[in-house]
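Trainee: Submitted below is the structure of interest, expressed as structure tokens.
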There are 2 protein chains.
Amino acid sequence: MSKKNSSKPTDGELEILQILWEHGSVSVRFVNDALNEKYPKEIGYTTTLKLMQIMLEKGLVKRNTDSRTHIYSANIEESETQEKLLSQFVDSAFRGSAMKMVMQALGNHEASKKELDEIKALIEKMEKKS
Amino acid sequence: MSKKNSSKPTDGELEILQILWEHGSVSVRFVNDALNEKYPKEIGYTTTLKLMQIMLEKGLVKRNTDSRTHIYSANIEESETQEKLLSQFVDSAFRGSAMKMVMQALGNHEASKKELDEIKALIEKMEKKS
DNA sequence: ATCCTTTTACGAATTTTTTCGTAAATTAAG
DNA sequence: CTTAATTTACGAAAAAATTCGTAAAAGGAT
């Protein structure tokens with residue numbers, strides 16, 4: 001039975017999770033480099049390390065300590081996490097109206113024909129269900 | 001010229017903004033009552049007051065001090081704020097893929113026929129543009 | 001006028017999140 | 001082997017966000 005942690009990862013934690021989701025199993029050094037590539041403001045190595053150690057305690061990541069450089073990977077699923085974050089975000093920023101948010105997102109985004117087709121397909125599937 | 005504040009409102013601030021966007025011009029007491037109605041854990045009156053005073057300094061809200069009970073209202077637009085928050089959220093939680101997020105939102109949400117029709121109309125409009 | 005309640009202002013305590021300095025351990029280089 | 005570089009562990013400082021206690025001011029009730 002998994003203990004559900006209703007508190008969401010902090011911004012910093014989410015940044016690291018993104019890297020882990022994208023790259024799988026990596027060292028602290030790798031994550032720190034990735035962060036510093038992304039941001040102008042240099043982030044200290046021990047800062048990243050500490051954050052990842054905290055995330056380990058919280059169960060957000062797991063690690064392999066066989067070799068000296070510990071190898072970390074995500075311990076929560078990306079899509080599940082996105083689902084939770086999304087619902088909280090819709091509540092906090094769009095007063096619970098997912099549709100309002102979808103409309104805003106669609107309106108602001110330059111969607112490709114393929115993407116629009118996918119959405120249309122999804123909508124048709126939903127219409128059949130009802 | 002409006003100074004663009006790229007830092008997003010905190011969770012607490014956003015909660016209060018929601019109430020202001022929904023109800024317009026209201027007192028601190030009103031906001032505090034609304035918050036306490038929403039949450040099990042009682043929030044002290046002065047806590048809400050202080051937060052709103054800070055928001056005033058930041059320019060997130062404005063107030064009318066003609067009468068003793070000051071009347072606050074939002075000083076930033078809901079849709080503009082939503083737009084900013086949405087783009088930041090897509091970046092931080094969906095690695096920038098708005099479409100992935102839209103799909104997730106559509107999939108998880110029980111949409112009414114009317115809502116689906118609106119989206120279809122929006123998609124058609126977007127297809128014409130391209 | 002006096003008392004009671006509400007509201008504001010202010011400062012500070014608390015909690016959460018982020019950041020980093022330092023030391024010890026391990027590995028790599030010469 | 002000795003030195004230098006890398007990594008972990010740990011604690012604590014710094015920064016950001018939240019919470020509240022207290023006092024003074026303003027109104028309302030009797």
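In the structure tokens, the first chain shown is A, the next is B, and so on; residue numbers restart at 1 for each chain, and ligands run from 1 in the order shown.
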Could you pull the residues within 10 Å of DA29 (chain C), counting only C-alpha atoms (C1' of nucleotides), minus those fewer than 6 positions along the same chain, as a count of residues only?

Mentor: 3

Trainee: Tell me the residues of chain C close to chain A, meaning within 12 Å using only C-alpha atoms (C1' of nucleotides), as a PyMOL selection string.

Mentor: chain C and resi 16-22+25-27

Trainee: Which residues of chain D have any atom within 12 Å of an atom in chain A when counting only C-alpha atoms (C1' of nucleotides), and what is the closest pair of atoms for each, with the distance in Å to one decimal? Order the rows by chain and rising number and write it as CSV.

Mentor:
```
residue,atom,partner,partner_atom,distance
D:DT6,C1',A:Thr69,CA,9.0
D:DT7,C1',A:Thr69,CA,6.4
D:DT8,C1',A:Thr69,CA,8.5
D:DA9,C1',A:Lys50,CA,9.3
D:DC10,C1',A:Lys50,CA,9.8
D:DG11,C1',A:Lys50,CA,11.4
```

Trainee: Skip Ala74 (chain B) itself and residues of its chain fewer than 6 positions away, then list as a PyMOL selection string all residues within 7 Å of it, counting only C-alpha atoms (C1' of nucleotides).

Mentor: chain B and resi 17+20-21+60-62

Trainee: Can you list every residue of chain A that has an atom at most 10 Å from chain B, with its nearest atom pair and the distance in Å to one decimal, using only C-alpha atoms, ordered by chain then number, as JSON lines?

Mentor:
```
{"residue": "A:Asp11", "atom": "CA", "partner": "B:Ser92", "partner_atom": "CA", "distance": 7.7}
{"residue": "A:Gly12", "atom": "CA", "partner": "B:Ser92", "partner_atom": "CA", "distance": 9.7}
{"residue": "A:Leu14", "atom": "CA", "partner": "B:Ser92", "partner_atom": "CA", "distance": 6.9}
{"residue": "A:Glu15", "atom": "CA", "partner": "B:Ser92", "partner_atom": "CA", "distance": 6.7}
{"residue": "A:Leu17", "atom": "CA", "partner": "B:Ala93", "partner_atom": "CA", "distance": 9.3}
{"residue": "A:Gln18", "atom": "CA", "partner": "B:Arg95", "partner_atom": "CA", "distance": 7.1}
{"residue": "A:Ile19", "atom": "CA", "partner": "B:Arg95", "partner_atom": "CA", "distance": 9.6}
{"residue": "A:Glu22", "atom": "CA", "partner": "B:Arg95", "partner_atom": "CA", "distance": 9.3}
{"residue": "A:Glu78", "atom": "CA", "partner": "B:Ala93", "partner_atom": "CA", "distance": 8.9}
{"residue": "A:Ser79", "atom": "CA", "partner": "B:Gln104", "partner_atom": "CA", "distance": 8.7}
{"residue": "A:Thr81", "atom": "CA", "partner": "B:Ala93", "partner_atom": "CA", "distance": 8.4}
{"residue": "A:Gln82", "atom": "CA", "partner": "B:Ala93", "partner_atom": "CA", "distance": 6.2}
{"residue": "A:Glu83", "atom": "CA", "partner": "B:Gln104", "partner_atom": "CA", "distance": 7.2}
{"residue": "A:Leu85", "atom": "CA", "partner": "B:Ala93", "partner_atom": "CA", "distance": 7.4}
{"residue": "A:Leu86", "atom": "CA", "partner": "B:Ala105", "partner_atom": "CA", "distance": 7.5}
{"residue": "A:Ser87", "atom": "CA", "partner": "B:Ala105", "partner_atom": "CA", "distance": 8.3}
{"residue": "A:Phe89", "atom": "CA", "partner": "B:Phe89", "partner_atom": "CA", "distance": 8.0}
{"residue": "A:Val90", "atom": "CA", "partner": "B:Ala105", "partner_atom": "CA", "distance": 9.2}
{"residue": "A:Asp91", "atom": "CA", "partner": "B:Glu15", "partner_atom": "CA", "distance": 9.6}
{"residue": "A:Ser92", "atom": "CA", "partner": "B:Glu15", "partner_atom": "CA", "distance": 6.7}
{"residue": "A:Ala93", "atom": "CA", "partner": "B:Gln82", "partner_atom": "CA", "distance": 6.2}
{"residue": "A:Phe94", "atom": "CA", "partner": "B:Gln82", "partner_atom": "CA", "distance": 7.1}
{"residue": "A:Arg95", "atom": "CA", "partner": "B:Gln18", "partner_atom": "CA", "distance": 7.1}
{"residue": "A:Ser97", "atom": "CA", "partner": "B:His109", "partner_atom": "CA", "distance": 9.7}
{"residue": "A:Ala98", "atom": "CA", "partner": "B:Ala105", "partner_atom": "CA", "distance": 6.6}
{"residue": "A:Met99", "atom": "CA", "partner": "B:Glu115", "partner_atom": "CA", "distance": 7.0}
{"residue": "A:Lys100", "atom": "CA", "partner": "B:Glu115", "partner_atom": "CA", "distance": 9.3}
{"residue": "A:Met101", "atom": "CA", "partner": "B:Leu86", "partner_atom": "CA", "distance": 8.0}
{"residue": "A:Val102", "atom": "CA", "partner": "B:Val102", "partner_atom": "CA", "distance": 5.7}
{"residue": "A:Met103", "atom": "CA", "partner": "B:Ile119", "partner_atom": "CA", "distance": 6.9}
{"residue": "A:Gln104", "atom": "CA", "partner": "B:Glu83", "partner_atom": "CA", "distance": 7.2}
{"residue": "A:Ala105", "atom": "CA", "partner": "B:Ala98", "partner_atom": "CA", "distance": 6.7}
{"residue": "A:Leu106", "atom": "CA", "partner": "B:Val102", "partner_atom": "CA", "distance": 7.7}
{"residue": "A:Gly107", "atom": "CA", "partner": "B:Leu122", "partner_atom": "CA", "distance": 7.8}
{"residue": "A:Asn108", "atom": "CA", "partner": "B:Glu83", "partner_atom": "CA", "distance": 8.2}
{"residue": "A:His109", "atom": "CA", "partner": "B:Ala98", "partner_atom": "CA", "distance": 7.2}
{"residue": "A:Glu110", "atom": "CA", "partner": "B:Met126", "partner_atom": "CA", "distance": 8.6}
{"residue": "A:Ala111", "atom": "CA", "partner": "B:Met99", "partner_atom": "CA", "distance": 7.7}
{"residue": "A:Ser112", "atom": "CA", "partner": "B:Ser130", "partner_atom": "CA", "distance": 8.8}
{"residue": "A:Lys113", "atom": "CA", "partner": "B:Glu127", "partner_atom": "CA", "distance": 7.4}
{"residue": "A:Glu115", "atom": "CA", "partner": "B:Met99", "partner_atom": "CA", "distance": 7.0}
{"residue": "A:Leu116", "atom": "CA", "partner": "B:Ile123", "partner_atom": "CA", "distance": 6.8}
{"residue": "A:Asp117", "atom": "CA", "partner": "B:Ile123", "partner_atom": "CA", "distance": 9.2}
{"residue": "A:Glu118", "atom": "CA", "partner": "B:Met103", "partner_atom": "CA", "distance": 8.6}
{"residue": "A:Ile119", "atom": "CA", "partner": "B:Met103", "partner_atom": "CA", "distance": 6.9}
{"residue": "A:Lys120", "atom": "CA", "partner": "B:Lys120", "partner_atom": "CA", "distance": 7.2}
{"residue": "A:Leu122", "atom": "CA", "partner": "B:Gly107", "partner_atom": "CA", "distance": 7.8}
{"residue": "A:Ile123", "atom": "CA", "partner": "B:Leu116", "partner_atom": "CA", "distance": 6.8}
{"residue": "A:Glu124", "atom": "CA", "partner": "B:Leu116", "partner_atom": "CA", "distance": 9.1}
{"residue": "A:Lys125", "atom": "CA", "partner": "B:Gly107", "partner_atom": "CA", "distance": 9.9}
{"residue": "A:Met126", "atom": "CA", "partner": "B:Ala111", "partner_atom": "CA", "distance": 8.1}
{"residue": "A:Glu127", "atom": "CA", "partner": "B:Lys113", "partner_atom": "CA", "distance": 7.3}
{"residue": "A:Ser130", "atom": "CA", "partner": "B:Lys113", "partner_atom": "CA", "distance": 8.5}
```

Trainee: Which of region 39-112 of chain B end up as strand (DSSP E) when DSSP is run on this backbone - answer as a list in words?

Mentor: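 Matching residues for strand (DSSP E) in region 39-112 of chain B are Val61, Lys62, Arg63, Asn64, Ile71, Tyr72, Ser73 and Ala74 of chain B.
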
Trainee: Mind giving me the straight-line distance from C1' of DA26 (chain D) to C1' of DT8 (chain C) in Å, one decimal?

Mentor: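 C1' of DT8 (chain C) lies at a distance of 9.6 Å from C1' of DA26 (chain D).
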
Trainee: Identify all residues of region 42-71 of chain A in helix (DSSP H, G or I) (DSSP on the backbone) and supply them as a ChimeraX atom specification.

Mentor: /A:45-58

Trainee: Atoms to include: all heavy atoms. Write the selected residues as a tab-separated table (two decimals), in the first residue's frame.

Mentor:
```tsv
chain	number	residue	atom	x	y	z
A	45	TYR	N	27.13	22.67	-6.29
A	45	TYR	CA	27.00	21.22	-6.36
A	45	TYR	C	26.35	20.66	-5.10
A	45	TYR	O	25.45	19.82	-5.16
A	45	TYR	CB	28.38	20.58	-6.55
A	45	TYR	CG	28.35	19.08	-6.53
A	45	TYR	CD1	28.01	18.36	-7.66
A	45	TYR	CD2	28.63	18.38	-5.36
A	45	TYR	CE1	27.97	16.98	-7.65
A	45	TYR	CE2	28.59	16.99	-5.34
A	45	TYR	CZ	28.26	16.30	-6.48
A	45	TYR	OH	28.20	14.93	-6.45
A	46	THR	N	26.80	21.13	-3.95
A	46	THR	CA	26.25	20.58	-2.71
A	46	THR	C	24.78	20.97	-2.52
A	46	THR	O	24.04	20.29	-1.83
A	46	THR	CB	27.06	21.04	-1.48
A	46	THR	OG1	27.27	22.44	-1.54
A	46	THR	CG2	28.37	20.31	-1.41
A	47	THR	N	24.40	22.05	-3.14
A	47	THR	CA	22.99	22.44	-3.09
A	47	THR	C	22.14	21.37	-3.76
A	47	THR	O	21.15	20.88	-3.20
A	47	THR	CB	22.78	23.78	-3.81
A	47	THR	OG1	23.59	24.77	-3.19
A	47	THR	CG2	21.33	24.20	-3.76
A	48	THR	N	22.54	20.99	-4.95
A	48	THR	CA	21.82	19.95	-5.67
A	48	THR	C	21.86	18.63	-4.90
A	48	THR	O	20.84	17.96	-4.74
A	48	THR	CB	22.43	19.75	-7.06
A	48	THR	OG1	22.45	21.00	-7.76
A	48	THR	CG2	21.65	18.74	-7.87
A	49	LEU	N	23.03	18.31	-4.41
A	49	LEU	CA	23.17	17.07	-3.64
A	49	LEU	C	22.21	17.04	-2.47
A	49	LEU	O	21.47	16.07	-2.26
A	49	LEU	CB	24.61	16.97	-3.12
A	49	LEU	CG	24.90	15.86	-2.10
A	49	LEU	CD1	24.71	14.50	-2.73
A	49	LEU	CD2	26.31	16.00	-1.52
A	50	LYS	N	22.21	18.11	-1.70
A	50	LYS	CA	21.35	18.16	-0.52
A	50	LYS	C	19.88	17.99	-0.89
A	50	LYS	O	19.14	17.25	-0.24
A	50	LYS	CB	21.56	19.50	0.20
A	50	LYS	CG	20.71	19.67	1.45
A	50	LYS	CD	21.14	18.71	2.54
A	50	LYS	CE	20.46	19.02	3.86
A	50	LYS	NZ	20.99	18.18	4.94
A	51	LEU	N	19.51	18.69	-1.92
A	51	LEU	CA	18.11	18.61	-2.35
A	51	LEU	C	17.74	17.18	-2.72
A	51	LEU	O	16.68	16.67	-2.35
A	51	LEU	CB	17.89	19.57	-3.53
A	51	LEU	CG	16.47	19.95	-3.90
A	51	LEU	CD1	15.55	19.98	-2.71
A	51	LEU	CD2	16.47	21.30	-4.59
A	52	MET	N	18.64	16.52	-3.40
A	52	MET	CA	18.35	15.15	-3.82
A	52	MET	C	18.35	14.21	-2.62
A	52	MET	O	17.58	13.23	-2.59
A	52	MET	CB	19.36	14.71	-4.88
A	52	MET	CG	19.16	15.47	-6.19
A	52	MET	SD	20.38	15.08	-7.48
A	52	MET	CE	19.79	13.49	-8.04
A	53	GLN	N	19.15	14.50	-1.63
A	53	GLN	CA	19.13	13.68	-0.42
A	53	GLN	C	17.80	13.86	0.31
A	53	GLN	O	17.22	12.90	0.84
A	53	GLN	CB	20.30	14.05	0.48
A	53	GLN	CG	21.63	13.54	-0.03
A	53	GLN	CD	22.83	14.08	0.74
A	53	GLN	OE1	22.72	15.10	1.43
A	53	GLN	NE2	23.97	13.41	0.61
A	54	ILE	N	17.32	15.06	0.34
A	54	ILE	CA	16.02	15.31	0.96
A	54	ILE	C	14.92	14.60	0.18
A	54	ILE	O	14.01	14.00	0.77
A	54	ILE	CB	15.74	16.83	1.00
A	54	ILE	CG1	16.68	17.49	2.01
A	54	ILE	CG2	14.29	17.10	1.36
A	54	ILE	CD1	16.65	19.00	1.98
A	55	MET	N	15.02	14.65	-1.13
A	55	MET	CA	14.03	13.97	-1.95
A	55	MET	C	14.06	12.46	-1.71
A	55	MET	O	13.03	11.79	-1.79
A	55	MET	CB	14.28	14.27	-3.43
A	55	MET	CG	14.00	15.71	-3.80
A	55	MET	SD	14.54	16.12	-5.49
A	55	MET	CE	13.24	15.35	-6.45
A	56	LEU	N	15.23	11.95	-1.41
A	56	LEU	CA	15.34	10.53	-1.08
A	56	LEU	C	14.56	10.23	0.20
A	56	LEU	O	13.77	9.28	0.25
A	56	LEU	CB	16.81	10.15	-0.90
A	56	LEU	CG	17.08	8.69	-0.56
A	56	LEU	CD1	16.75	7.79	-1.75
A	56	LEU	CD2	18.53	8.49	-0.13
A	57	GLU	N	14.76	11.06	1.20
A	57	GLU	CA	14.03	10.88	2.46
A	57	GLU	C	12.52	10.92	2.24
A	57	GLU	O	11.77	10.17	2.85
A	57	GLU	CB	14.41	11.99	3.45
A	57	GLU	CG	15.76	11.78	4.14
A	57	GLU	CD	16.13	13.01	4.97
A	57	GLU	OE1	15.22	13.78	5.31
A	57	GLU	OE2	17.34	13.18	5.26
A	58	LYS	N	12.11	11.81	1.38
A	58	LYS	CA	10.68	11.95	1.11
A	58	LYS	C	10.14	10.84	0.22
A	58	LYS	O	8.93	10.75	0.01
A	58	LYS	CB	10.41	13.30	0.42
A	58	LYS	CG	10.64	14.52	1.28
A	58	LYS	CD	10.13	15.76	0.56
A	58	LYS	CE	10.49	17.05	1.29
A	58	LYS	NZ	10.13	18.24	0.50
```

Trainee: Just give me the gap between CA of Ala34 (chain A) and CA of Tyr72 (chain A) in Å, one decimal is fine.

Mentor: 14.1 Å

Trainee: Suppose you want the space between C1' of DA17 (chain D) and CA of Pro9 (chain B); what is it in Å?

Mentor: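 A separation of 10.9 Å between them.
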
Trainee: What's around DT14 (chain C) at 10 Å? Count only C-alpha atoms (C1' of nucleotides), leave out sequence neighbours fewer than 2 positions away in its own chain, and write the answer as a list in words.

Mentor: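 Within the cut-off, the hits are DA12 and DT16 of chain C; DT18, DT19 and DC20 of chain D.
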